[in-house]
Every structure is written in structure tokens, then in C-alpha cells.
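> What follows is the file upload.txt, containing compact mmCIF, C-alpha atoms and all ligand atoms:
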# COMPACT_ATOMS: atom_id res chain seq x y z
CA MET G 489 0.00 0.00 0.00
CA GLU G 490 1.16 3.55 -0.76
CA ARG G 491 2.64 5.16 2.34
CA ASN G 492 0.88 8.32 3.53
CA TRP G 493 3.47 11.12 3.63
CA GLN G 494 0.98 13.82 4.61
CA PRO G 495 2.00 13.91 8.31
CA PHE G 496 5.60 14.58 7.26
CA TRP G 497 4.66 17.59 5.10
CA ASN G 498 2.24 18.87 7.75
CA SER G 499 4.94 18.84 10.40
CA LEU G 500 7.31 20.57 7.98
CA ASP G 501 4.68 23.31 7.58
CA ARG G 502 4.51 23.64 11.38
CA LEU G 503 8.29 23.89 11.57
CA LEU G 504 8.10 26.72 9.09
CA GLU G 505 5.57 28.53 11.26
CA GLU G 506 8.03 28.39 14.18
CA GLY G 507 10.81 30.02 12.22
CA GLU G 508 11.45 33.08 10.13
CA VAL G 509 12.38 33.05 6.46
CA ILE G 510 15.18 35.55 5.83
CA ILE G 511 15.83 36.35 2.19
CA ASP G 512 19.51 37.21 1.76
CA ARG G 513 19.94 36.32 -1.94
CA PRO G 514 17.10 38.08 -3.78
CA GLN G 515 15.89 37.03 -7.20
CA GLY G 516 18.30 38.22 -9.91
CA SER G 517 21.28 38.69 -7.56
CA PRO G 518 24.58 37.05 -8.56
CA HIS G 519 25.93 33.92 -6.89
CA ALA G 520 28.87 34.75 -4.58
CA CYS G 521 31.36 32.39 -6.32
CA PHE G 522 29.83 32.32 -9.82
CA PRO G 523 28.78 35.93 -10.46
CA GLN G 524 27.58 35.10 -13.98
CA VAL G 525 24.92 32.83 -12.43
CA ARG G 526 21.91 34.65 -11.00
CA TYR G 527 19.36 33.46 -8.48
CA PRO G 528 16.18 32.56 -10.40
CA PHE G 529 13.98 33.24 -7.34
CA ASP G 530 14.34 34.77 -3.89
CA CYS G 531 16.63 32.58 -1.83
CA GLY G 532 17.39 32.70 1.88
CA TYR G 533 17.26 30.55 4.95
CA LEU G 534 14.90 29.43 7.64
CA ALA G 535 16.00 30.78 11.02
CA LEU G 536 14.64 28.52 13.77
CA PRO G 537 14.67 29.49 17.46
CA LEU G 538 16.78 26.55 18.65
CA CYS G 539 19.01 26.26 15.62
CA GLU G 540 22.68 27.29 15.86
CA SER G 541 23.71 29.90 13.32
CA GLY G 542 25.13 28.18 10.24
CA GLU G 543 22.86 25.15 10.56
CA GLU G 544 19.87 26.81 8.96
CA MET G 545 18.02 25.28 6.09
CA ASP G 546 18.05 27.14 2.77
CA VAL G 547 14.71 28.33 1.42
CA TRP G 548 13.61 29.17 -2.13
CA LYS G 549 10.60 31.40 -2.03
CA GLY G 550 8.01 32.49 -4.59
CA ASN G 551 4.75 34.31 -4.14
CA GLN G 552 2.35 31.73 -5.46
CA ALA G 553 -0.36 30.33 -3.25
CA PRO G 554 -0.26 28.16 -1.26
CA PRO G 555 2.87 29.33 0.58
CA GLN G 556 3.39 25.80 1.91
CA VAL G 557 6.44 23.66 1.35
CA ALA G 558 6.03 22.41 -2.23
CA ALA G 559 9.22 20.37 -2.34
CA ILE G 560 12.54 19.66 -0.71
CA LEU G 561 15.63 20.00 -2.87
CA LEU G 562 18.78 18.04 -2.20
CA ALA G 563 21.86 19.27 -4.02
CA VAL G 564 25.14 17.37 -3.87
CA ASP G 565 28.24 19.55 -3.82
CA GLU G 566 31.05 17.13 -4.70
CA HIS G 567 33.63 19.91 -4.82
CA ASN G 568 33.08 21.00 -1.19
CA LEU G 569 31.90 17.56 -0.05
CA ALA G 570 28.59 18.94 1.16
CA LEU G 571 24.90 18.18 0.87
CA ASN G 572 22.79 21.27 0.42
CA ARG G 573 19.15 20.96 1.58
CA SER G 574 16.54 23.53 0.75
CA LEU G 575 12.83 24.02 1.16
CA VAL G 576 10.82 25.31 -1.78
CA LEU G 577 7.88 27.56 -0.90
CA GLY G 578 5.19 29.12 -3.07
CA LEU G 579 6.75 27.94 -6.34
CA ASN G 580 5.44 25.55 -8.97
CA GLU G 581 7.00 22.61 -10.81
CA HIS G 582 8.25 24.87 -13.57
CA ALA G 583 10.18 26.90 -11.01
CA LEU G 584 11.71 23.74 -9.58
CA GLU G 585 13.31 23.06 -12.93
CA ALA G 586 14.79 26.56 -13.01
CA ILE G 587 16.28 26.01 -9.55
CA THR G 588 17.70 22.62 -10.54
CA ASP G 589 19.26 24.33 -13.60
CA PHE G 590 20.69 27.00 -11.30
CA TYR G 591 22.39 24.30 -9.19
CA ALA G 592 23.71 22.61 -12.34
CA GLN G 593 25.29 25.90 -13.44
CA ILE G 594 27.23 26.11 -10.16
CA GLY G 595 28.29 22.47 -10.42
CA LEU G 596 25.77 20.86 -8.07
CA THR G 597 23.49 17.94 -8.90
CA ALA G 598 20.03 18.37 -7.43
CA VAL G 599 16.96 16.22 -6.98
CA ALA G 600 13.53 17.33 -5.85
CA ILE G 601 11.28 15.49 -3.42
CA HIS G 602 7.83 16.69 -4.38
CA ARG G 603 4.96 17.15 -2.00
CA THR G 604 2.41 16.43 -4.73
CA PRO G 605 2.62 12.82 -5.91
CA ALA G 606 3.57 12.25 -9.55
CA GLU G 607 0.07 11.02 -10.49
CA LEU G 608 -1.40 14.39 -9.46
CA ARG G 609 1.44 16.46 -10.86
CA LEU G 610 0.39 15.20 -14.30
CA LEU G 611 -2.62 17.49 -13.98
CA THR G 612 -0.60 20.64 -13.40
CA GLU G 613 2.43 19.81 -15.50
CA ARG G 614 0.58 19.14 -18.76
CA ARG G 615 0.96 22.15 -21.04
CA SER G 616 -0.29 23.17 -24.45
CA VAL G 617 2.85 22.80 -26.54
CA ARG G 618 2.96 24.54 -29.91
CA ARG G 619 6.44 23.54 -31.14
CA PHE G 620 7.56 20.01 -31.76
CA LEU G 621 10.80 18.21 -32.51
CA ASP G 622 11.24 16.78 -35.98
CA ARG G 623 10.78 13.26 -34.59
CA PRO G 624 8.00 10.85 -35.53
CA VAL G 625 5.59 9.48 -32.93
CA GLU G 626 5.61 5.69 -32.74
CA ARG G 627 2.35 4.09 -33.84
CA SER G 628 2.22 1.89 -30.70
CA LEU G 629 2.47 5.02 -28.56
CA ILE G 630 -0.37 6.93 -30.22
CA GLU G 631 -2.50 3.78 -30.09
CA ARG G 632 -1.86 3.54 -26.35
CA VAL G 633 -2.90 7.18 -25.94
CA VAL G 634 -6.16 6.61 -27.83
CA GLU G 635 -6.80 3.43 -25.84
CA LEU G 636 -6.40 5.35 -22.57
CA ALA G 637 -8.58 8.22 -23.84
CA CYS G 638 -11.32 5.70 -24.54
CA TRP G 639 -11.57 4.95 -20.81
CA ALA G 640 -13.21 8.35 -20.36
CA PRO G 641 -16.75 8.33 -19.00
CA SER G 642 -19.53 8.91 -21.52
CA ALA G 643 -23.29 9.45 -21.39
CA HIS G 644 -25.06 6.04 -21.55
CA ASN G 645 -21.53 4.66 -22.08
CA GLN G 646 -22.15 5.45 -25.76
CA GLN G 647 -18.46 6.29 -26.38
CA PRO G 648 -19.36 8.70 -29.19
CA TRP G 649 -15.71 9.68 -29.80
CA ARG G 650 -13.68 8.90 -32.92
CA PHE G 651 -10.01 9.65 -33.56
CA VAL G 652 -8.53 10.22 -37.00
CA VAL G 653 -4.75 10.05 -36.81
CA VAL G 654 -3.30 12.14 -39.64
CA SER G 655 0.38 11.47 -40.10
CA ASN G 656 1.17 11.47 -43.82
CA ALA G 657 2.19 14.73 -45.43
CA GLU G 658 -0.42 14.59 -48.18
CA SER G 659 -3.37 14.17 -45.78
CA LYS G 660 -2.01 16.88 -43.48
CA GLU G 661 -1.70 19.22 -46.47
CA LYS G 662 -5.28 18.48 -47.56
CA LEU G 663 -6.62 19.09 -44.05
CA ALA G 664 -4.59 22.27 -43.54
CA GLN G 665 -5.74 23.56 -46.93
CA ALA G 666 -9.41 22.82 -46.20
CA LEU G 667 -9.29 24.50 -42.79
CA SER G 668 -7.40 27.47 -44.27
CA GLU G 669 -10.08 28.16 -46.83
CA ILE G 670 -12.82 28.43 -44.20
CA PHE G 671 -10.54 30.41 -41.89
CA ARG G 672 -9.80 32.87 -44.74
CA ARG G 673 -13.51 33.29 -45.44
CA ASP G 674 -14.26 33.94 -41.76
CA LEU G 675 -11.42 36.44 -41.38
CA LEU G 676 -12.49 38.28 -44.54
CA ALA G 677 -16.04 38.49 -43.18
CA GLN G 678 -14.65 39.94 -39.95
CA GLY G 679 -12.87 42.65 -41.97
CA VAL G 680 -9.35 41.59 -40.93
CA PRO G 681 -6.73 43.27 -43.20
CA LEU G 682 -5.50 41.04 -46.06
CA GLU G 683 -1.88 41.08 -44.93
CA GLU G 684 -2.83 39.92 -41.45
CA ILE G 685 -5.10 37.22 -42.91
CA GLN G 686 -2.18 35.91 -44.96
CA ALA G 687 0.12 35.81 -41.95
CA ARG G 688 -2.45 34.06 -39.73
CA LEU G 689 -3.30 31.48 -42.40
CA GLU G 690 0.37 30.74 -42.98
CA ARG G 691 0.98 30.33 -39.26
CA SER G 692 -1.93 27.95 -38.74
CA ARG G 693 -1.01 25.93 -41.87
CA LYS G 694 2.60 25.62 -40.76
CA ARG G 695 1.57 24.46 -37.31
CA ILE G 696 -0.42 21.57 -38.73
CA LEU G 697 2.21 20.62 -41.31
CA THR G 698 5.13 20.66 -38.88
CA ALA G 699 3.41 18.62 -36.14
CA PRO G 700 4.37 14.93 -36.34
CA LEU G 701 0.72 13.94 -35.87
CA ALA G 702 -2.57 15.75 -36.15
CA VAL G 703 -5.43 13.87 -34.50
CA LEU G 704 -8.91 14.92 -35.53
CA LEU G 705 -11.25 14.33 -32.62
CA CYS G 706 -14.76 13.62 -33.90
CA LEU G 707 -18.22 13.04 -32.55
CA CYS G 708 -20.05 10.14 -34.19
CA GLU G 709 -23.62 11.35 -34.58
CA GLU G 710 -24.90 7.77 -34.88
CA ASP G 711 -23.93 7.27 -31.25
CA ILE G 712 -26.19 10.04 -29.99
CA GLN G 713 -29.19 8.66 -28.13
CA PRO G 714 -32.42 9.79 -29.83
CA GLY G 715 -34.74 11.91 -27.73
CA SER G 716 -38.52 12.15 -28.11
CA THR G 717 -38.74 15.89 -27.48
CA GLU G 718 -36.65 18.79 -28.76
CA ARG G 719 -35.40 19.44 -25.23
CA GLN G 720 -34.32 15.80 -24.88
CA ARG G 721 -32.60 15.78 -28.27
CA LYS G 722 -30.67 18.91 -27.35
CA GLY G 723 -29.66 17.41 -24.01
CA GLU G 724 -28.50 14.17 -25.65
CA HIS G 725 -26.49 16.10 -28.24
CA GLU G 726 -24.82 18.18 -25.55
CA MET G 727 -24.05 15.09 -23.49
CA ALA G 728 -22.37 13.53 -26.52
CA ILE G 729 -20.25 16.67 -27.00
CA GLN G 730 -19.35 16.59 -23.30
CA SER G 731 -18.37 12.93 -23.60
CA VAL G 732 -16.10 13.62 -26.59
CA ALA G 733 -14.51 16.54 -24.74
CA LEU G 734 -13.82 14.28 -21.75
CA ALA G 735 -12.10 11.77 -24.03
CA GLY G 736 -10.14 14.67 -25.55
CA GLY G 737 -9.03 15.86 -22.12
CA GLN G 738 -8.05 12.33 -21.16
CA PHE G 739 -6.13 12.08 -24.45
CA LEU G 740 -4.07 15.17 -23.53
CA LEU G 741 -3.26 13.77 -20.08
CA ALA G 742 -2.45 10.27 -21.32
CA ALA G 743 -0.15 11.70 -24.00
CA HIS G 744 1.61 13.81 -21.39
CA ALA G 745 1.99 10.81 -19.05
CA LEU G 746 3.62 8.90 -21.91
CA GLY G 747 6.09 11.68 -22.70
CA LEU G 748 4.26 13.26 -25.62
CA ALA G 749 3.24 16.90 -26.01
CA THR G 750 -0.08 18.13 -27.38
CA VAL G 751 -2.13 21.20 -28.17
CA TRP G 752 -5.87 21.33 -28.75
CA LEU G 753 -6.87 23.42 -31.78
CA CYS G 754 -10.46 24.51 -32.25
CA ALA G 755 -10.22 25.21 -36.02
CA PRO G 756 -12.17 22.14 -37.29
CA LEU G 757 -15.11 23.00 -35.04
CA PHE G 758 -15.71 25.94 -37.39
CA ALA G 759 -15.23 23.85 -40.54
CA PRO G 760 -16.51 20.33 -39.79
CA GLU G 761 -17.66 19.59 -43.35
CA ALA G 762 -14.38 20.77 -44.87
CA ALA G 763 -12.41 18.54 -42.48
CA GLN G 764 -14.71 15.62 -43.25
CA ARG G 765 -14.26 16.05 -47.02
CA ALA G 766 -10.49 16.58 -46.82
CA LEU G 767 -9.98 13.29 -44.96
CA ASP G 768 -12.79 11.37 -46.66
CA LEU G 769 -14.54 10.56 -43.37
CA PRO G 770 -17.93 8.92 -42.80
CA SER G 771 -20.67 11.53 -42.95
CA SER G 772 -21.66 10.90 -39.31
CA TRP G 773 -18.19 11.85 -38.01
CA GLN G 774 -18.42 15.46 -36.93
CA ALA G 775 -15.06 17.13 -36.23
CA GLN G 776 -14.79 18.73 -32.78
CA ALA G 777 -11.10 19.56 -32.48
CA LEU G 778 -7.68 18.94 -33.90
CA ILE G 779 -5.05 17.77 -31.43
CA LEU G 780 -1.45 18.20 -32.55
CA VAL G 781 0.86 15.57 -31.09
CA GLY G 782 4.63 15.24 -31.00
CA TYR G 783 7.70 15.49 -28.82
CA ALA G 784 8.02 18.95 -27.27
CA SER G 785 10.73 21.31 -28.43
CA GLN G 786 9.70 23.96 -25.88
CA ARG G 787 8.55 24.02 -22.26
CA PRO G 788 5.95 26.78 -22.03
CA THR G 789 5.51 28.75 -18.83
CA PRO G 790 2.23 27.69 -17.20
CA PRO G 791 -0.52 30.22 -17.97
CA PRO G 792 -2.03 31.48 -14.70
CA ARG G 793 -5.16 29.91 -13.29
CA LYS G 794 -8.05 31.69 -11.61
CA SER G 795 -8.06 31.50 -7.82
CA LEU G 796 -10.37 29.08 -6.04
CA SER G 797 -12.45 32.01 -4.77
CA GLU G 798 -13.24 32.98 -8.39
CA VAL G 799 -14.34 29.53 -9.50
CA MET G 800 -15.84 27.99 -6.40
CA LEU G 801 -18.85 28.53 -4.18
CA TYR G 802 -20.05 26.72 -1.07
CA ARG G 803 -23.77 26.56 -0.38
C1 LIG Q 901 -11.73 23.95 -26.28
C2 LIG Q 901 -10.31 24.44 -26.43
C3 LIG Q 901 -9.94 25.13 -27.57
C4 LIG Q 901 -8.60 25.54 -27.76
N1 LIG Q 901 -8.24 26.12 -28.93
C5 LIG Q 901 -6.96 26.44 -29.15
C6 LIG Q 901 -6.54 26.93 -30.42
O1 LIG Q 901 -7.32 27.01 -31.37
N2 LIG Q 901 -5.24 27.29 -30.57
C7 LIG Q 901 -4.34 27.16 -29.56
O2 LIG Q 901 -3.16 27.50 -29.76
N3 LIG Q 901 -4.69 26.68 -28.34
C8 LIG Q 901 -5.97 26.32 -28.12
N4 LIG Q 901 -6.34 25.76 -26.90
C9 LIG Q 901 -5.34 25.63 -25.81
C10 LIG Q 901 -5.53 26.71 -24.75
O3 LIG Q 901 -5.08 27.95 -25.24
C11 LIG Q 901 -4.74 26.30 -23.49
O4 LIG Q 901 -5.27 25.11 -23.00
C12 LIG Q 901 -4.80 27.38 -22.40
O5 LIG Q 901 -4.17 28.55 -22.80
C13 LIG Q 901 -4.15 26.91 -21.09
O6 LIG Q 901 -2.81 26.52 -21.31
P1 LIG Q 901 -2.32 25.05 -20.88
O7 LIG Q 901 -3.09 24.06 -21.73
O8 LIG Q 901 -0.84 25.02 -21.20
O9 LIG Q 901 -2.58 24.85 -19.43
C14 LIG Q 901 -7.65 25.33 -26.72
C15 LIG Q 901 -8.05 24.64 -25.56
C16 LIG Q 901 -9.35 24.18 -25.42
C17 LIG Q 901 -9.73 23.38 -24.20
Show this structure as C-alpha cells.

Amino acid sequence: MERNWQPFWNSLDRLLEEGEVIIDRPQGSPHACFPQVRYPFDCGYLALPLCESGEEMDVWKGNQAPPQVAAILLAVDEHNLALNRSLVLGLNEHALEAITDFYAQIGLTAVAIHRTPAELRLLTERRSVRRFLDRPVERSLIERVVELACWAPSAHNQQPWRFVVVSNAESKEKLAQALSEIFRRDLLAQGVPLEEIQARLERSRKRILTAPLAVLLCLCEEDIQPGSTERQRKGEHEMAIQSVALAGGQFLLAAHALGLATVWLCAPLFAPEAAQRALDLPSSWQAQALILVGYASQRPTPPPRKSLSEVMLYR
């Protein structure tokens, strides 16, 4: 059985409450021995009442909620035969990487002991990635991702999702072209200047063509439960869309868990017939989204999330 580490982290939080965090190496300041290396975040130490000076624990501090201990970093200093321990407060996973890089630049090897277990970190570490390496995605891997996505819940267990994996250049070109035409028409109707239209079309085309895989996520209309009233039919249709979206979300997470990067593009939602024609799909397959899949060539900074107080109510 998985050991419960919560008491450990809770007592670490209490220890923190007993002490005072003193920041003596602010963000951006140079390292004392390696002045070309700058502190990526505020750094200091935790002064505890009964602790002798010099025995304090280092602290990396950010201003993100919650200000609890998010991780412990252990950095081995082979040169000085020392083990550097630090607490990480109010910083996310992305920041942890920057700190580990900082240690690497001053010749230390660091590992992080995370408070949040890896299974849950998947939820916060997944990012929309818009640049991919020029490296193909193995067929067995994408099949595994689709298999895992298909374990999503669905209304009446109808599993109304379909996945069209577009990998060959010719099909990608046809799809990109078809989506472009509708996009151009929409932008013209919105009165966007021609030059800007050209640039936006080129960008969206290039994104599809340079992604190793483009997966068209569809809703199979035949799998929608019929309803006897208009209200019921609408509800059933919406439940089918919700089910497909859940499979899409699960697809993104499964891909991330297996080391792949993805981004969800909404373009086909505005041109379902064009996508259907371009890929010669059954007429009941209605495109909902295009998910680009590949190996990441960038690690985007996490876009901020709304606070709990904005998105949550108790009644
Ligand atoms: C329904 C939906 C439509 C989206 N459409 C697009 C899109 O057309 N182009 C794009 O670059 N990203 C698109 N995204 C990705 C979002 O921009 C992204 O999820 C959001 O900025 C949060 O970033 P994160 O996924 O890295 O957490 C879409 C996401 C969803 C769920």
C-alpha cells in the first residue's frame, strides 16, 4: 500500500511557522562564487529558534499560493563535499526546474522530493505545446494514448468519440488547406486586413504541417441517443459533445503521461464539413477539435489559473 506522507509535510509546515524566512539572496542577484549565475527566485534561509547559526536550512521562495512547502531539494556539492538541503515555498513545478538548472550551473546535482505525488502532478504539469521536434511518434504510442482516452466516462456509455490520426504529409496538407479556406472566409467576413489574414493562415497551416501527428477528434452522430422531445434531443447532443470533450481531455493527459506533447486546436469545429471532405470521413463523423501531437521542443511557462475564490462557491 502507498505510504501516507501527509504527516511529514504537515509537520514541515509547522516547523516553518516556528521560524522566520530571511531572504539574503534576492531574485536576480549574482551567486557569490559564480557571479555570472543569477538566483532565479528569492533565496534565503529558515531561522529557527533553537538552531545554531550556520545550521539553517536554505529556502527558495516564490509568491504563489499556497505558501506551503512544495518540495525539498537536495543538491550534492562534490567539490566542497557537502549536501545542500533547501525548502521550496510558493513555487510551482516549472520553477523547480529553473532552480535545478541553477544548481547545475554552479556544479551541483540536485533532486527534488515533491509534495504532490507524480500522479497528481500530471494534472498541473501538462501544457499546451505549440512547437515540436522533428521526430515521428511511434504508432504503438499513439495507439496507447487513444486506448487510454477511450476509458473516459460517456453518457449512456455510448463512447461517441472517434479519432482520425493524420500522419502522412499529403493528408495533413489536404486538411490544412481545407481549414485554411474556411478560416480565410471567416477572417475576410470579420474585416481583418488582407496582410494579417495571410500571416495568420500561414501560421496555422505551418503548425499543422510541422506537427508529427494531427489527431482529428470527432463526434459520431450515430452514437447520440435519440430523444422524443426537442429538449431531450438537445440534451442528448450536448451530453455527446461533453463525452467527446472528456475523451479529448483524457487524451491530452495520457499523451503527457507517456512523454508526448499536445495542443488542442479549435479550427475544425468551425469547418466540420471541410475537415470531413479533406480526410474522406464517414458523414456521421463530426469534427470537434484537432489535437497536434509530438515530442516537445519547448517548455511553455504555465498560464495562470483563476483563484479558487473565483471559481468555487459553497452553499
Ligand atoms: C476547447 C479548447 C480550444 C482551444 N483552442 C486552441 C486553439 O485554437 N489554438 C491554440 O493554440 N490553443 C488552443 N487551446 C489551448 C488553450 O489555449 C490552453 O489550454 C490554455 O491557454 C491553457 O494553457 P495550458 O493548456 O498550457 O494549461 C484550446 C483549448 C481548449 C480546451
> Looking at all atoms listed in the file, which of G:Asn580, G:Ser692, G:Thr588, G:Ser628 is the one that sits closest to ligand LIG 901 (chain Q)?
G:Ser692
> Could you please extract the residues within 10 Å of ligand LIG 901 (chain Q), counting only C-alpha atoms and all ligand atoms, and hand them back as a compact mmCIF listing (two decimals) with C-alpha atoms, keeping the file's coordinate frame?

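Ended up saving to part-v9.txt:
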# COMPACT_ATOMS: atom_id res chain seq x y z
CA LEU G 611 -2.62 17.49 -13.98
CA THR G 612 -0.60 20.64 -13.40
CA GLU G 613 2.43 19.81 -15.50
CA ARG G 614 0.58 19.14 -18.76
CA ARG G 615 0.96 22.15 -21.04
CA SER G 616 -0.29 23.17 -24.45
CA VAL G 617 2.85 22.80 -26.54
CA ARG G 618 2.96 24.54 -29.91
CA SER G 692 -1.93 27.95 -38.74
CA ARG G 695 1.57 24.46 -37.31
CA ALA G 733 -14.51 16.54 -24.74
CA GLY G 736 -10.14 14.67 -25.55
CA GLY G 737 -9.03 15.86 -22.12
CA LEU G 740 -4.07 15.17 -23.53
CA THR G 750 -0.08 18.13 -27.38
CA VAL G 751 -2.13 21.20 -28.17
CA TRP G 752 -5.87 21.33 -28.75
CA LEU G 753 -6.87 23.42 -31.78
CA CYS G 754 -10.46 24.51 -32.25
CA ALA G 755 -10.22 25.21 -36.02
CA PRO G 756 -12.17 22.14 -37.29
CA LEU G 757 -15.11 23.00 -35.04
CA GLN G 776 -14.79 18.73 -32.78
CA ALA G 777 -11.10 19.56 -32.48
CA LEU G 778 -7.68 18.94 -33.90
CA ILE G 779 -5.05 17.77 -31.43
CA LEU G 780 -1.45 18.20 -32.55
CA ARG G 787 8.55 24.02 -22.26
CA PRO G 788 5.95 26.78 -22.03
CA THR G 789 5.51 28.75 -18.83
CA PRO G 790 2.23 27.69 -17.20
CA PRO G 791 -0.52 30.22 -17.97
CA PRO G 792 -2.03 31.48 -14.70
CA ARG G 793 -5.16 29.91 -13.29
> Check the smallest atom-to-atom distance from each of G:Gln524, G:Val625, G:Arg803, G:Ala762 to Asn656 of chain G using all atoms listed in the file, then report the winner.
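When distances to Asn656 of chain G are compared using all atoms listed in the file, the smallest one comes from G:Val625.
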> What gap, in Å, lies between atom CA of Gly595 of chain G and atom CA of Ile511 of chain G?
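Here the two named atoms are 22.5 Å from each other.
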> May I have the residues within 9 Å of Ala766 of chain G as an MDAnalysis selection string, using all atoms listed in the file and disregarding those fewer than 3 positions away in the same chain?
chainID G and resid 659 662:667 761:763 769
> G:Phe620, G:Phe758, G:Phe522, G:Trp548: which is nearest Leu534 of chain G, counting all atoms listed in the file?
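Comparing G:Phe620, G:Phe758, G:Phe522, G:Trp548 against Leu534 of chain G, the winner is G:Trp548.
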> With only C-alpha atoms as the atoms that count, which of G:Ser655, G:Gln556, G:Asn551, G:Asn492 lies nearest to Gly782 of chain G?
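Counting only C-alpha atoms, the residue closest to Gly782 of chain G is G:Ser655.
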> Please list, as a VMD selection string, the residues that have an atom at most 10 Å away from (15.9, 31.1, -2.9) in the coordinates of this file, counting only C-alpha atoms.
chain G and resid 510 to 515 527 to 533 546 to 550 574 to 577 587
> Quick one: pull the distance between atom CA of Asn568 of chain G and atom CA of His519 of chain G, Å, one decimal.
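Spanning atom CA of Asn568 of chain G to atom CA of His519 of chain G is a straight-line distance of 15.8 Å.
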> When distances are computed from all atoms listed in the file, which of G:Pro700, G:Gly715, G:Pro770, G:Pro555 shows the smallest separation from Arg619 of chain G?
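That would be G:Pro700, the residue with the smallest distance to Arg619 of chain G.
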